[in-house]
>>> print(open('entry.cif').read())   # mmCIF, C-alpha atoms and all ligand atoms
data_start
#
loop_
_atom_site.label_atom_id
_atom_site.label_comp_id
_atom_site.auth_asym_id
_atom_site.auth_seq_id
_atom_site.Cartn_x
_atom_site.Cartn_y
_atom_site.Cartn_z
CA MET A 1 -17.02 -7.70 -16.70
CA ALA A 2 -13.44 -8.91 -16.24
CA ASP A 3 -12.64 -10.66 -13.00
CA ILE A 4 -10.91 -8.23 -10.65
CA LEU A 5 -8.38 -10.97 -9.80
CA GLU A 6 -7.45 -11.89 -13.35
CA ASN A 7 -3.74 -11.53 -14.17
CA ARG A 8 -2.88 -10.26 -10.69
CA LYS A 9 0.49 -11.31 -9.33
CA LEU A 10 0.57 -12.57 -5.78
CA LEU A 11 3.52 -13.57 -3.66
CA LEU A 12 2.27 -16.03 -1.06
CA ILE A 13 4.47 -16.53 2.00
CA ILE A 14 3.47 -19.63 3.92
CA GLY A 15 4.36 -19.57 7.58
CA GLY A 16 4.50 -22.48 10.00
CA GLY A 17 1.04 -23.31 11.27
CA ILE A 18 -1.21 -26.32 11.02
CA ALA A 19 -3.58 -24.19 8.95
CA ALA A 20 -0.91 -23.98 6.22
CA TYR A 21 -2.83 -26.79 4.50
CA LYS A 22 -5.61 -24.26 3.71
CA CYS A 23 -3.13 -22.51 1.42
CA LEU A 24 -3.41 -25.36 -1.04
CA ASP A 25 -7.11 -24.70 -1.49
CA LEU A 26 -6.46 -20.96 -1.52
CA ILE A 27 -3.92 -21.35 -4.34
CA ARG A 28 -6.25 -23.61 -6.31
CA ARG A 29 -9.12 -21.14 -6.00
CA LEU A 30 -6.96 -18.13 -6.89
CA LYS A 31 -5.44 -19.91 -9.88
CA GLU A 32 -8.95 -20.63 -11.16
CA ARG A 33 -9.54 -16.88 -11.06
CA GLY A 34 -6.43 -16.17 -13.11
CA VAL A 35 -4.03 -15.09 -10.35
CA GLU A 36 -0.35 -15.78 -10.94
CA ILE A 37 1.22 -17.04 -7.72
CA GLN A 38 4.79 -17.33 -6.51
CA ALA A 39 5.18 -19.12 -3.21
CA VAL A 40 7.81 -18.75 -0.50
CA LEU A 41 7.75 -21.56 2.03
CA THR A 42 9.27 -20.91 5.46
CA GLY A 43 11.02 -23.65 7.43
CA GLY A 44 7.96 -23.93 9.68
CA GLY A 45 5.55 -23.91 6.74
CA GLY A 46 7.57 -26.75 5.19
CA LYS A 47 6.62 -28.96 8.15
CA PHE A 48 2.95 -28.78 7.12
CA VAL A 49 2.91 -28.56 3.31
CA THR A 50 5.42 -29.82 0.81
CA PRO A 51 7.22 -27.78 -1.85
CA LEU A 52 6.02 -30.33 -4.39
CA SER A 53 2.32 -29.74 -3.71
CA LEU A 54 2.90 -25.98 -3.80
CA SER A 55 4.83 -26.01 -7.06
CA SER A 56 2.26 -28.33 -8.66
CA LEU A 57 -0.57 -26.01 -7.74
CA THR A 58 1.15 -22.69 -8.43
CA GLU A 59 2.82 -24.12 -11.56
CA ASN A 60 5.86 -22.19 -10.44
CA LYS A 61 9.07 -22.87 -8.58
CA VAL A 62 8.75 -22.67 -4.81
CA TYR A 63 11.33 -20.55 -3.00
CA GLN A 64 12.65 -21.64 0.38
CA ASP A 65 16.26 -20.82 0.94
CA LEU A 66 17.76 -17.34 1.22
CA PHE A 67 21.20 -18.54 0.25
CA SER A 68 20.32 -20.87 -2.59
CA LEU A 69 22.55 -19.95 -5.50
CA THR A 70 20.15 -21.18 -8.15
CA ASP A 71 17.25 -19.34 -6.56
CA GLU A 72 19.28 -16.16 -6.36
CA ALA A 73 20.33 -16.54 -9.96
CA GLU A 74 16.78 -17.17 -11.14
CA MET A 75 14.86 -14.85 -8.85
CA GLY A 76 16.52 -13.24 -5.86
CA HIS A 77 14.66 -11.97 -2.82
CA ILE A 78 14.74 -8.43 -4.15
CA ARG A 79 13.00 -9.41 -7.36
CA LEU A 80 10.58 -11.65 -5.49
CA SER A 81 9.64 -8.74 -3.29
CA ARG A 82 9.17 -6.33 -6.19
CA GLU A 83 7.63 -8.30 -9.01
CA ASN A 84 4.25 -8.93 -7.45
CA ASP A 85 1.19 -6.74 -6.94
CA LEU A 86 0.59 -7.95 -3.40
CA ILE A 87 2.36 -10.04 -0.78
CA LEU A 88 0.15 -12.28 1.36
CA VAL A 89 1.51 -13.98 4.46
CA ALA A 90 -0.80 -16.88 5.28
CA PRO A 91 -0.63 -18.30 7.81
CA ALA A 92 1.21 -15.57 9.70
CA THR A 93 2.43 -16.94 13.03
CA ALA A 94 3.10 -14.91 16.19
CA ASN A 95 6.80 -15.36 15.48
CA MET A 96 6.46 -14.11 11.91
CA MET A 97 4.50 -11.05 13.10
CA ALA A 98 7.14 -10.33 15.74
CA LYS A 99 9.90 -10.51 13.14
CA MET A 100 7.97 -8.30 10.72
CA ALA A 101 7.22 -5.71 13.39
CA ASN A 102 10.89 -5.58 14.37
CA GLY A 103 12.45 -5.72 10.93
CA ILE A 104 14.20 -9.03 11.53
CA SER A 105 15.36 -10.64 8.31
CA ASP A 106 16.79 -14.04 9.10
CA ASN A 107 15.33 -16.11 6.26
CA LEU A 108 14.03 -15.71 2.74
CA ALA A 109 10.46 -14.85 3.83
CA THR A 110 11.41 -12.15 6.33
CA THR A 111 14.14 -10.73 4.09
CA THR A 112 11.66 -10.47 1.23
CA LEU A 113 9.18 -8.73 3.53
CA LEU A 114 11.82 -6.24 4.62
CA ALA A 115 12.95 -5.58 1.07
CA THR A 116 9.53 -5.08 -0.47
CA ASN A 117 7.94 -1.88 -1.66
CA LYS A 118 4.63 -3.63 -2.32
CA PRO A 119 1.51 -3.83 -0.12
CA VAL A 120 1.58 -6.62 2.44
CA MET A 121 -1.45 -8.48 3.81
CA ILE A 122 -1.26 -10.98 6.65
CA ALA A 123 -3.66 -13.69 7.86
CA PRO A 124 -2.57 -14.50 11.41
CA THR A 125 -3.24 -17.79 13.18
CA MET A 126 -2.11 -18.96 16.58
CA ASN A 127 -3.28 -20.09 19.99
CA SER A 128 -5.74 -17.58 21.46
CA GLN A 129 -3.48 -16.77 24.44
CA MET A 130 -0.65 -16.01 22.03
CA TRP A 131 -2.99 -13.81 19.99
CA GLY A 132 -4.20 -11.95 23.05
CA HIS A 133 -0.69 -11.55 24.51
CA PRO A 134 0.27 -7.87 24.82
CA ALA A 135 3.44 -8.56 22.80
CA THR A 136 1.45 -9.91 19.83
CA GLN A 137 -1.15 -7.15 20.12
CA HIS A 138 1.65 -4.58 20.20
CA ASN A 139 3.24 -6.11 17.09
CA LEU A 140 -0.17 -6.12 15.42
CA ASN A 141 -0.59 -2.42 16.11
CA VAL A 142 2.90 -1.64 14.82
CA LEU A 143 2.12 -3.51 11.60
CA LYS A 144 -1.28 -1.81 11.22
CA GLU A 145 0.22 1.63 11.70
CA ARG A 146 2.74 0.78 9.03
CA GLY A 147 -0.11 -0.02 6.64
CA THR A 148 0.02 -3.81 6.71
CA LEU A 149 -3.43 -5.14 5.80
CA ILE A 150 -4.78 -7.58 8.37
CA ILE A 151 -7.20 -10.46 7.81
CA PRO A 152 -8.20 -11.06 11.44
CA PRO A 153 -8.20 -14.60 12.82
CA ALA A 154 -11.60 -16.16 13.43
CA ASP A 155 -13.09 -17.55 16.64
CA GLY A 156 -13.59 -21.27 17.16
CA ASP A 157 -11.87 -24.56 17.91
CA LEU A 158 -8.11 -24.26 17.65
CA ALA A 159 -5.70 -27.00 16.58
CA CYS A 160 -4.22 -26.99 20.09
CA GLY A 161 -7.56 -28.18 21.49
CA GLU A 162 -8.50 -24.85 23.03
CA VAL A 163 -11.35 -22.62 21.91
CA GLY A 164 -10.87 -18.92 21.22
CA THR A 165 -9.67 -16.38 18.67
CA GLY A 166 -6.83 -17.63 16.52
CA ARG A 167 -8.15 -19.74 13.66
CA LEU A 168 -6.84 -18.82 10.24
CA ALA A 169 -9.61 -16.96 8.37
CA GLU A 170 -11.53 -19.18 5.96
CA VAL A 171 -10.34 -19.32 2.35
CA ASP A 172 -13.47 -17.42 1.19
CA GLU A 173 -12.69 -14.64 3.64
CA ILE A 174 -9.05 -14.44 2.49
CA ILE A 175 -10.16 -14.24 -1.14
CA SER A 176 -12.69 -11.49 -0.27
CA ASN A 177 -9.91 -9.49 1.34
CA ILE A 178 -7.68 -9.89 -1.70
CA GLU A 179 -10.56 -8.81 -3.96
CA ALA A 180 -11.29 -5.83 -1.71
CA PHE A 181 -7.65 -4.81 -1.93
CA PHE A 182 -7.61 -4.84 -5.73
CA LEU A 183 -11.05 -3.25 -5.97
CA SER A 184 -10.04 -0.45 -3.66
CA SER A 185 -6.86 0.29 -5.57
CA GLU A 186 -8.82 0.27 -8.83
CA ASN A 187 -11.95 2.10 -7.67
CA SER A 188 -10.45 4.56 -5.27
CA ASN A 189 -11.65 7.57 -7.25
CA LEU A 190 -15.08 6.51 -8.37
CA LEU A 191 -17.06 8.05 -5.49
CA LYS A 192 -14.57 10.76 -4.70
CA GLY A 193 -16.27 13.91 -3.44
CA LYS A 194 -19.46 12.01 -2.48
CA SER A 195 -20.44 11.66 1.15
CA PHE A 196 -22.34 8.82 2.79
CA THR A 197 -23.68 8.05 6.21
CA VAL A 198 -24.05 4.43 7.23
CA THR A 199 -25.84 3.30 10.40
CA ALA A 200 -24.71 -0.02 11.85
CA GLY A 201 -25.05 -2.38 14.77
CA PRO A 202 -27.76 -2.69 17.40
CA THR A 203 -29.07 0.00 19.71
CA TYR A 204 -29.28 -0.47 23.47
CA GLU A 205 -32.33 0.89 25.26
CA ALA A 206 -31.78 1.31 28.98
CA ILE A 207 -34.09 -0.28 31.54
CA ASP A 208 -31.95 0.85 34.46
CA PRO A 209 -28.19 1.59 34.83
CA VAL A 210 -27.25 -2.08 34.35
CA ARG A 211 -29.95 -3.58 32.13
CA TYR A 212 -31.04 -2.84 28.58
CA LEU A 213 -33.11 -4.06 25.62
CA ALA A 214 -31.06 -4.98 22.55
CA ASN A 215 -30.80 -7.42 19.64
CA HIS A 216 -28.26 -9.78 18.07
CA SER A 217 -26.90 -7.41 15.41
CA SER A 218 -23.08 -7.58 15.24
CA GLY A 219 -22.61 -4.54 12.99
CA LYS A 220 -20.53 -6.59 10.52
CA GLN A 221 -22.68 -5.84 7.46
CA GLY A 222 -22.86 -2.10 8.15
CA TYR A 223 -19.12 -1.84 8.83
CA ALA A 224 -18.38 -3.75 5.62
CA ILE A 225 -20.58 -1.34 3.64
CA ALA A 226 -18.89 1.69 5.21
CA LYS A 227 -15.49 0.24 4.26
CA ALA A 228 -16.57 -0.63 0.71
CA LEU A 229 -17.79 2.96 0.17
CA ARG A 230 -14.55 4.30 1.64
CA ASP A 231 -12.65 2.08 -0.79
CA TYR A 232 -14.49 3.82 -3.65
CA GLY A 233 -13.07 7.11 -2.38
CA ALA A 234 -16.25 8.39 -0.64
CA ASN A 235 -16.27 10.38 2.60
CA VAL A 236 -18.00 8.06 5.02
CA THR A 237 -19.57 8.68 8.41
CA LEU A 238 -20.39 5.53 10.33
CA VAL A 239 -23.01 5.95 13.04
CA SER A 240 -22.43 2.85 15.11
CA GLY A 241 -24.38 1.29 17.93
CA PRO A 242 -22.40 -0.78 20.45
CA THR A 243 -20.32 -3.49 18.67
CA ASN A 244 -17.08 -5.39 19.23
CA LEU A 245 -15.70 -4.33 15.86
CA GLU A 246 -12.54 -2.35 15.27
CA PRO A 247 -13.22 1.24 14.15
CA PRO A 248 -12.27 1.17 10.45
CA ALA A 249 -9.48 3.47 9.31
CA GLY A 250 -10.30 6.47 7.14
CA ILE A 251 -13.94 6.63 8.27
CA ARG A 252 -15.51 9.17 10.64
CA ILE A 253 -17.10 7.13 13.38
CA LEU A 254 -19.86 8.40 15.67
CA ASN A 255 -20.50 5.97 18.52
CA VAL A 256 -24.02 5.97 19.89
CA THR A 257 -25.99 3.77 22.25
CA SER A 258 -29.73 4.34 21.89
CA ALA A 259 -32.00 4.76 18.86
CA ARG A 260 -32.60 8.39 19.76
CA GLU A 261 -28.85 9.07 19.84
CA MET A 262 -28.49 7.27 16.51
CA MET A 263 -31.24 9.44 15.05
CA GLU A 264 -29.58 12.64 16.24
CA ALA A 265 -26.12 11.65 14.98
CA THR A 266 -27.52 10.59 11.59
CA GLU A 267 -29.49 13.82 11.16
CA ASN A 268 -26.45 15.85 12.16
CA SER A 269 -24.36 14.07 9.52
CA LEU A 270 -26.56 15.55 6.75
CA PRO A 271 -26.28 16.82 4.08
CA ALA A 272 -25.01 13.64 2.48
CA ASP A 273 -25.29 12.21 -1.03
CA GLY A 274 -26.43 8.88 0.33
CA VAL A 275 -27.55 7.27 3.56
CA VAL A 276 -27.51 3.52 4.14
CA CYS A 277 -29.49 2.43 7.21
CA VAL A 278 -28.10 -0.97 8.12
CA ALA A 279 -28.53 -0.69 11.89
CA ALA A 280 -30.95 -2.99 13.68
CA VAL A 281 -32.60 -0.12 15.51
CA ALA A 282 -34.71 -1.06 18.52
CA ASP A 283 -38.32 -0.25 17.73
CA TRP A 284 -39.07 0.83 21.29
CA HIS A 285 -37.39 2.36 24.30
CA VAL A 286 -38.40 2.06 27.92
CA ASN A 287 -40.44 4.88 29.34
CA ASN A 288 -38.65 6.39 32.35
CA PRO A 289 -35.64 4.11 32.71
CA GLN A 290 -34.83 3.82 36.42
CA ARG A 291 -31.90 5.87 37.69
CA GLN A 292 -31.02 3.19 40.27
CA LYS A 293 -30.79 -0.54 39.68
CA ILE A 294 -34.24 -2.11 40.01
CA LYS A 295 -34.06 -4.47 42.99
CA LYS A 296 -35.63 -7.90 42.92
CA ARG A 297 -38.48 -8.11 45.40
CA PRO A 298 -40.42 -11.30 46.07
CA GLY A 299 -43.60 -11.38 43.99
CA ALA A 300 -43.02 -7.98 42.39
CA ILE A 301 -42.26 -8.39 38.70
CA PRO A 302 -41.63 -5.02 37.07
CA THR A 303 -43.68 -4.02 34.05
CA LEU A 304 -41.90 -2.16 31.29
CA GLU A 305 -43.79 0.54 29.48
CA LEU A 306 -42.42 0.88 25.96
CA ILE A 307 -42.52 3.93 23.74
CA GLU A 308 -41.90 3.89 20.00
CA ASN A 309 -38.48 5.02 18.84
CA PRO A 310 -38.04 7.47 15.99
CA ASP A 311 -37.72 5.76 12.62
CA ILE A 312 -34.38 6.97 11.28
CA LEU A 313 -34.78 5.55 7.78
CA LYS A 314 -38.25 7.03 7.38
CA SER A 315 -37.28 10.42 8.66
CA ILE A 316 -34.15 10.64 6.44
CA SER A 317 -36.19 9.47 3.42
CA ASN A 318 -38.71 12.25 4.06
CA HIS A 319 -36.26 14.93 5.14
CA LYS A 320 -37.50 18.37 4.11
CA GLU A 321 -34.18 20.19 3.68
CA HIS A 322 -31.55 17.52 3.11
CA ARG A 323 -33.19 14.48 1.54
CA PRO A 324 -30.14 12.56 0.24
CA ARG A 325 -30.24 11.54 -3.42
CA LEU A 326 -30.05 7.89 -2.47
CA VAL A 327 -31.53 6.41 0.69
CA ILE A 328 -31.12 2.69 1.27
CA GLY A 329 -32.74 0.66 4.02
CA PHE A 330 -32.42 -2.94 5.11
CA ALA A 331 -35.27 -5.28 5.90
CA ALA A 332 -34.56 -7.97 8.46
CA GLU A 333 -37.29 -10.56 8.02
CA THR A 334 -38.02 -14.09 9.10
CA GLU A 335 -40.82 -14.79 6.55
CA ASN A 336 -42.35 -13.37 3.33
CA VAL A 337 -39.11 -11.50 2.76
CA THR A 338 -39.92 -9.92 -0.62
CA ASN A 339 -43.44 -8.82 0.35
CA HIS A 340 -42.34 -7.26 3.60
CA ALA A 341 -39.46 -5.54 1.83
CA GLN A 342 -41.77 -4.09 -0.83
CA ASN A 343 -44.04 -2.77 1.91
CA LYS A 344 -41.07 -1.26 3.71
CA LEU A 345 -39.89 0.45 0.53
CA GLU A 346 -43.31 2.07 0.26
CA ASN A 347 -43.78 2.88 3.96
CA LYS A 348 -40.37 4.32 4.57
CA GLY A 349 -40.09 6.27 1.33
CA CYS A 350 -36.54 5.10 0.64
CA ASP A 351 -35.10 4.23 -2.78
CA TRP A 352 -33.81 0.69 -2.28
CA ILE A 353 -34.36 -1.98 0.32
CA VAL A 354 -31.74 -4.64 0.91
CA ALA A 355 -33.83 -7.50 2.25
CA ASN A 356 -32.49 -10.48 4.10
CA ASP A 357 -33.92 -13.52 5.78
CA ILE A 358 -32.48 -13.48 9.28
CA SER A 359 -34.03 -16.73 10.45
CA GLY A 360 -30.63 -18.54 10.08
CA ASP A 361 -27.33 -17.30 11.47
CA VAL A 362 -27.22 -14.03 9.51
CA MET A 363 -27.27 -11.86 12.62
CA GLY A 364 -23.77 -12.14 14.03
CA GLY A 365 -22.58 -14.44 11.18
CA ASP A 366 -20.21 -13.70 8.29
CA ARG A 367 -22.45 -14.51 5.34
CA ASN A 368 -25.65 -13.14 3.98
CA GLN A 369 -28.11 -13.66 1.17
CA VAL A 370 -29.96 -10.55 0.11
CA GLN A 371 -32.50 -9.30 -2.38
CA ILE A 372 -32.41 -5.75 -3.66
CA VAL A 373 -35.92 -4.37 -3.86
CA THR A 374 -36.54 -1.16 -5.78
CA LYS A 375 -39.55 0.37 -7.50
CA GLU A 376 -38.27 -1.24 -10.71
CA GLY A 377 -38.20 -4.77 -9.34
CA VAL A 378 -36.42 -7.34 -7.23
CA SER A 379 -32.98 -8.79 -7.82
CA GLU A 380 -31.69 -11.77 -5.91
CA TRP A 381 -27.99 -11.84 -5.02
CA PRO A 382 -26.03 -15.03 -4.30
CA TYR A 383 -25.30 -16.37 -0.83
CA GLN A 384 -21.96 -14.70 -0.16
CA SER A 385 -19.83 -13.13 2.55
CA LYS A 386 -20.99 -9.85 4.08
CA VAL A 387 -17.85 -8.27 2.60
CA GLU A 388 -18.94 -9.39 -0.87
CA VAL A 389 -22.49 -8.09 -0.31
CA ALA A 390 -20.94 -4.76 0.69
CA GLN A 391 -18.74 -4.65 -2.40
CA GLN A 392 -21.62 -5.48 -4.71
CA LEU A 393 -23.78 -2.82 -3.05
CA ALA A 394 -21.02 -0.21 -3.30
CA LYS A 395 -20.69 -1.04 -6.99
CA GLN A 396 -24.46 -0.60 -7.47
CA ILE A 397 -24.31 2.72 -5.58
CA GLU A 398 -21.46 3.84 -7.79
CA ASP A 399 -23.48 2.90 -10.91
CA PHE A 400 -26.43 4.90 -9.55
CA PHE A 401 -24.36 8.06 -9.19
CA LYS A 402 -22.74 7.52 -12.60
CA ASP A 403 -26.17 7.22 -14.25
CA ASN A 404 -27.73 10.11 -12.26
CA LYS A 405 -25.10 12.80 -12.57
N1 LIG A 501 -34.93 1.51 10.96
C1 LIG A 501 -34.63 2.78 11.39
N2 LIG A 501 -35.16 3.24 12.57
C2 LIG A 501 -35.99 2.46 13.27
C3 LIG A 501 -36.31 1.15 12.84
C4 LIG A 501 -35.75 0.70 11.66
O1 LIG A 501 -33.86 3.48 10.74
N3 LIG A 501 -36.48 2.93 14.40
C5 LIG A 501 -34.37 1.06 9.67
C6 LIG A 501 -33.37 -0.07 9.76
O2 LIG A 501 -32.05 0.45 9.87
C7 LIG A 501 -33.59 -0.75 8.42
C8 LIG A 501 -35.05 -0.54 8.14
O3 LIG A 501 -35.44 0.56 8.93
O4 LIG A 501 -32.89 -0.11 7.41
C9 LIG A 501 -35.96 -1.68 8.46
O5 LIG A 501 -35.71 -2.17 9.73
P1 LIG A 501 -36.49 -3.44 10.26
O6 LIG A 501 -36.11 -3.69 11.67
O7 LIG A 501 -36.40 -4.57 9.27
O8 LIG A 501 -37.97 -2.96 10.17
P2 LIG A 501 -38.88 -2.12 11.09
O9 LIG A 501 -39.12 -0.81 10.45
O10 LIG A 501 -38.33 -2.07 12.48
O11 LIG A 501 -40.21 -2.96 11.02
P3 LIG A 501 -40.52 -4.42 11.64
O12 LIG A 501 -39.72 -4.51 12.90
O13 LIG A 501 -41.97 -4.37 11.84
O14 LIG A 501 -40.12 -5.42 10.59
#
>>> encode(input="entry.cif", output="C-alpha cells")
Amino acid sequence: MADILENRKLLLIIGGGIAAYKCLDLIRRLKERGVEIQAVLTGGGGKFVTPLSLSSLTENKVYQDLFSLTDEAEMGHIRLSRENDLILVAPATANMMAKMANGISDNLATTTLLATNKPVMIAPTMNSQMWGHPATQHNLNVLKERGTLIIPPADGDLACGEVGTGRLAEVDEIISNIEAFFLSSENSNLLKGKSFTVTAGPTYEAIDPVRYLANHSSGKQGYAIAKALRDYGANVTLVSGPTNLEPPAGIRILNVTSAREMMEATENSLPADGVVCVAAVADWHVNNPQRQKIKKRPGAIPTLELIENPDILKSISNHKEHRPRLVIGFAAETENVTNHAQNKLENKGCDWIVANDISGDVMGGDRNQVQIVTKEGVSEWPYQSKVEVAQQLAKQIEDFFKDNK
C-alpha cells in the first residue's frame, strides 16, 4: 500500500519558539516519507534555526522576506500559499495565532496565511499562562471556527522553567495529525451512510454527593477512534464518560456519568452498523449511594456494598432486535493479555477484541500497543500513538464492511 504521505506538498511555516529545533527532525522524518517541503522562516523562527539547516534538509530554498525581489520573482507569497496541499505552522506562537485570528499580514508568513486557499494546521507552543490567557483562548476559538486544524500543545516542563500546558506536540504526534488530515481527505466517503457508536472514558459511580469510584481512563483512545470513523465519513455517536477532552467536531456526543447511564445511552443509539466499546466501565456501583455527604466519625469506617453494573459490550453483542453487524470490545489487561482477550471474545459474544496491556502508562498516556483478537486469530500491532491505533482500526473496520456488503 502506498504511503499516505508520499508526494504530498507541505508548506511549513516556522514561528519563533525554542521548540523550532524540533522542526528539523520533523522535516527529516517527513522527507523520508516522500513529502515535498517548502519552508518559510519567520524573524522569530530565524533566532532558533538557521535557513541553511532548513534548506539542507528540505532540499529547497527557504523563504524569509516578504519584499525580497528574487523570492518574489521565483515564488511569490501567492504561489507559496497556493502550491501546497497543506500549510503547517509549527511552532505557532501566541503572537502568530493572534495575527492569524485578526488577519494581520505584516510579514511573509502571515501574508501567505492570509492569501491561502489551502487547509491550515497549527501546532501552538508557549508559556502555559500565555496559552491559558483569555486572549489566546479567544484567538484559538476564532481559528477553530474558521476551520484551522489544531495540534494541541502538550503538558510538561516548559522552556521557561515552568510546568504546564504549552509544549510543542512531539514530532510523532505532528506526523500523526498530518497523516490523519490526508487520510480523512482521501477516505471521507468510504464509510458514508454507516453509523457507529463508540463508548469512551471512565464511568463514575457515586458513593455520596462528593465521592465516587472511578478509574484512570482518559478517553483518548475512544475519542481517537470516534474521530477516525468520522474521517471515513461515518455518522458517529460518542457516548462519553467524564473526561477532560474537547468534544470532537462533527460527532454526536452523549455525555454520561455512570455505567448505567452509559448503557442506556448506548442502547438508545441503536440501530447502528457498528459499536466499539472502548470505555473503561466500572464493574460495580455502590448500593444506595448516600444523599448527604457521609461524615467522618471516630472509629466508624463505612462499608460499601457493591452491585454489579450492566455489561454494555455483552448486552449489545447479544441484542435481540438490533445486534450491530460489527461489535468490537477492548480488553484492558495487566497479564496473560492474549488469553484473557480470547476469553472475553467468547464471553461477551463480540466480533473483535482490541487487547492491550495496561500495566505501563497506557491509561492516560498517548501511546498504545494492541493485539486484535478475532475468531480467526490474533494479530499484533506495533507500539504506536493512540491516533495511529485508531486509524488502523478504522481502516480494518472499513475493510470489514467492504468485504461484507
Ligand atoms: N465493558 C462494558 N461494560 C462493562 C464492563 C466492560 O461494556 N460493565 C466493556 C469495555 O468497554 C471493554 C470490554 O467490556 O470493551 C472489556 O472490559 P474490561 O474492563 O477489560 O473487562 P471486564 O469485562 O470488566 O472484565 P475484567 O474486569 O474481569 O477484566
>>> closest_atom_pairs(input="entry.cif", of="chain A", to="ligand LIG 501 (chain A)", cutoff="10 Å", atoms="only C-alpha atoms and all ligand atoms", output="Markdown table")
| residue | atom | partner | partner_atom | distance |
| --- | --- | --- | --- | --- |
| A:Val198 | CA | A:LIG501 | O2 | 9.3 |
| A:Thr199 | CA | A:LIG501 | O2 | 6.9 |
| A:Ala200 | CA | A:LIG501 | O2 | 7.6 |
| A:Gly201 | CA | A:LIG501 | O2 | 9.0 |
| A:Pro202 | CA | A:LIG501 | O2 | 9.2 |
| A:Thr203 | CA | A:LIG501 | N3 | 9.6 |
| A:Gly222 | CA | A:LIG501 | O2 | 9.7 |
| A:Ala259 | CA | A:LIG501 | N3 | 6.6 |
| A:Arg260 | CA | A:LIG501 | N3 | 8.6 |
| A:Met262 | CA | A:LIG501 | N2 | 8.7 |
| A:Met263 | CA | A:LIG501 | N2 | 7.7 |
| A:Thr266 | CA | A:LIG501 | O1 | 9.6 |
| A:Val275 | CA | A:LIG501 | O4 | 9.9 |
| A:Val276 | CA | A:LIG501 | O4 | 7.3 |
| A:Cys277 | CA | A:LIG501 | O2 | 4.2 |
| A:Val278 | CA | A:LIG501 | O2 | 4.5 |
| A:Ala279 | CA | A:LIG501 | O2 | 4.2 |
| A:Ala280 | CA | A:LIG501 | O2 | 5.2 |
| A:Val281 | CA | A:LIG501 | C3 | 4.7 |
| A:Ala282 | CA | A:LIG501 | N3 | 6.0 |
| A:Asp283 | CA | A:LIG501 | N3 | 5.0 |
| A:Trp284 | CA | A:LIG501 | N3 | 7.7 |
| A:His285 | CA | A:LIG501 | N3 | 10.0 |
| A:Glu308 | CA | A:LIG501 | N3 | 7.9 |
| A:Asn309 | CA | A:LIG501 | N3 | 5.3 |
| A:Pro310 | CA | A:LIG501 | N3 | 5.1 |
| A:Asp311 | CA | A:LIG501 | N3 | 3.6 |
| A:Ile312 | CA | A:LIG501 | O1 | 3.6 |
| A:Leu313 | CA | A:LIG501 | O1 | 3.7 |
| A:Lys314 | CA | A:LIG501 | O1 | 6.6 |
| A:Ser315 | CA | A:LIG501 | O1 | 8.0 |
| A:Ile316 | CA | A:LIG501 | O1 | 8.4 |
| A:Ser317 | CA | A:LIG501 | O1 | 9.7 |
| A:Val327 | CA | A:LIG501 | O4 | 9.5 |
| A:Ile328 | CA | A:LIG501 | O4 | 7.0 |
| A:Gly329 | CA | A:LIG501 | O4 | 3.5 |
| A:Phe330 | CA | A:LIG501 | O4 | 3.7 |
| A:Ala331 | CA | A:LIG501 | O7 | 3.6 |
| A:Ala332 | CA | A:LIG501 | O7 | 3.9 |
| A:Glu333 | CA | A:LIG501 | O7 | 6.2 |
| A:Thr334 | CA | A:LIG501 | O14 | 9.0 |
| A:Val337 | CA | A:LIG501 | O7 | 9.9 |
| A:His340 | CA | A:LIG501 | O14 | 7.6 |
| A:Ala341 | CA | A:LIG501 | O7 | 8.1 |
| A:Asn343 | CA | A:LIG501 | O11 | 9.9 |
| A:Lys344 | CA | A:LIG501 | C9 | 7.0 |
| A:Leu345 | CA | A:LIG501 | C8 | 9.1 |
| A:Asn347 | CA | A:LIG501 | O9 | 8.8 |
| A:Lys348 | CA | A:LIG501 | O3 | 7.6 |
| A:Cys350 | CA | A:LIG501 | O4 | 9.3 |
| A:Trp352 | CA | A:LIG501 | O4 | 9.8 |
| A:Ile353 | CA | A:LIG501 | O4 | 7.5 |
| A:Val354 | CA | A:LIG501 | O4 | 8.0 |
| A:Ala355 | CA | A:LIG501 | O7 | 8.0 |
| A:Asn356 | CA | A:LIG501 | O7 | 8.8 |
| A:Asp357 | CA | A:LIG501 | O7 | 9.9 |
| A:Ile358 | CA | A:LIG501 | O7 | 9.7 |
>>> closest_residue(input="entry.cif", among="A:Glu388, A:Glu32, A:Glu83, A:Asp361", to="A:Ile178", atoms="all atoms listed in the file")
A:Glu388
>>> closest_residue(input="entry.cif", among="A:Val171, A:Ile104, A:Glu179, A:Ala98", to="A:Leu140", atoms="all atoms listed in the file")
A:Ala98
>>> atom_distance(input="entry.cif", atom1="atom CA of A:Thr237", atom2="atom CA of A:Lys320")
20.8 Å
>>> atom_distance(input="entry.cif", atom1="atom CA of A:Thr243", atom2="atom CA of A:Asp351")
27.2 Å
>>> atom_distance(input="entry.cif", atom1="atom CA of A:Thr374", atom2="atom CA of A:Leu326")
11.6 Å
>>> build_atoms(input="entry.cif", residues="stretch 102-107 of chain A", atoms="N, CA and C atoms", output="short mmCIF file (atom, residue, chain, number, x, y, z; two decimals), in the coordinates of the input")
data_model
loop_
_atom_site.label_atom_id
_atom_site.label_comp_id
_atom_site.auth_asym_id
_atom_site.auth_seq_id
_atom_site.Cartn_x
_atom_site.Cartn_y
_atom_site.Cartn_z
N ASN A 102 9.57 -6.03 13.93
CA ASN A 102 10.89 -5.58 14.37
C ASN A 102 11.93 -5.53 13.26
N GLY A 103 11.51 -5.80 12.05
CA GLY A 103 12.45 -5.72 10.93
C GLY A 103 13.51 -6.80 10.93
N ILE A 104 13.22 -7.93 11.52
CA ILE A 104 14.20 -9.03 11.53
C ILE A 104 14.15 -9.73 10.17
N SER A 105 15.33 -10.00 9.63
CA SER A 105 15.36 -10.64 8.31
C SER A 105 16.34 -11.79 8.35
N ASP A 106 15.88 -12.91 8.89
CA ASP A 106 16.79 -14.04 9.10
C ASP A 106 16.47 -15.22 8.20
N ASN A 107 15.57 -15.04 7.25
CA ASN A 107 15.33 -16.11 6.26
C ASN A 107 14.76 -15.46 5.00
#
